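Colleague: So that we are looking at the same thing, I have put the structure below in structure tokens.
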Amino acid sequence: FVVRFGQFVLFTIITERLSKRLREALYSKILTYHIGWFDEEKNQPGALTSLLSADVQAVEGLTGTTLGLIIQCFASFAFGMVIAFFASWKITLITLGIAPILVFTGKFQARFQKGSSGLTDSAFKQSGSLISEAVSSMRTAVSYTHLRAHETGRNIVCRLLLEKK
């Protein structure tokens, strides 16, 4: 219990530090681009914000508790095989013969899940861009008409949703 908690805390600290450095590096790189680069549709503020968030979350997902769990699984497998060889080497050889089948099915499952997540990635970028544009438009409308923000925001969001259908 204590070791698992320590592993969780350490990998969380490492992940947070890495994601902070990654966000800073991506943001500073984005700031070095020419102003015309931001005029392209794929480089609008909402899409860039979604990109910063999604890419860093992907790295966090790999380096966080997932990496700790992978290390823990490999260590458990290795120590389990050593103990199994001492207990019964015949059954251990059968288990090692089945292990590639388990690895193949795990790889197939991971590939299947990765394929379905790629489809939603572009939808998240488009929605982030749309939301950013709507908030920007809402601020502009509020500043020109001096209306309350929630009334203007509700009207803009409803209009945008009806236009997309």
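Identifiers in this document derive from the order of the structure tokens: chains are assigned A, B, ..., residues are numbered from 1 separately in each chain, and ligands are numbered from 1 in order of occurrence.
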Using only C-alpha atoms, determine which residues lie at most 7 Å from range 10-15 of chain A, disregarding the query and same-chain residues fewer than 4 positions distant; provide the list as a CSV table (one decimal) with N, CA and C atoms, in the first residue's frame.

Modeller:
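Result file is out-v2.csv:
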```
chain,number,residue,atom,x,y,z
A,6,GLY,N,3.4,5.8,-2.8
A,6,GLY,CA,4.7,6.5,-3.2
A,6,GLY,C,4.9,6.5,-4.7
A,19,SER,N,4.7,18.1,-18.0
A,19,SER,CA,3.7,18.8,-18.7
A,19,SER,C,3.8,20.3,-18.6
A,60,GLU,N,0.8,13.4,-20.7
A,60,GLU,CA,0.5,13.1,-19.3
A,60,GLU,C,-0.1,11.7,-19.2
A,63,THR,N,3.0,9.3,-19.4
A,63,THR,CA,4.1,9.4,-18.4
A,63,THR,C,3.5,9.4,-16.9
A,64,GLY,N,2.3,9.5,-16.7
A,64,GLY,CA,1.7,9.5,-15.4
A,64,GLY,C,1.6,8.1,-14.8
A,65,THR,N,0.5,7.9,-14.2
A,65,THR,CA,0.3,6.6,-13.6
A,65,THR,C,0.3,5.4,-14.5
A,68,GLY,N,3.8,4.2,-14.6
A,68,GLY,CA,4.1,3.4,-13.4
A,68,GLY,C,3.4,2.1,-13.4
```

Colleague: Could you pull out the alpha helix (DSSP H) residues of range 10-83 of chain A from DSSP and send them as a ChimeraX atom specification?

Modeller: /A:10-31,45-63,65-83

Colleague: If I take CA of Arg4 in chain A and CA of Leu22 in chain A, how far is one from the other in Å, to one decimal?

Modeller: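 Distance reported for this atom pair: 26.5 Å.
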
Colleague: Using Å and a single decimal, report how far CA of Phe38 in chain A sits from CA of Glu133 in chain A.

Modeller: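 That distance, rounded to one decimal, is 13.7 Å.
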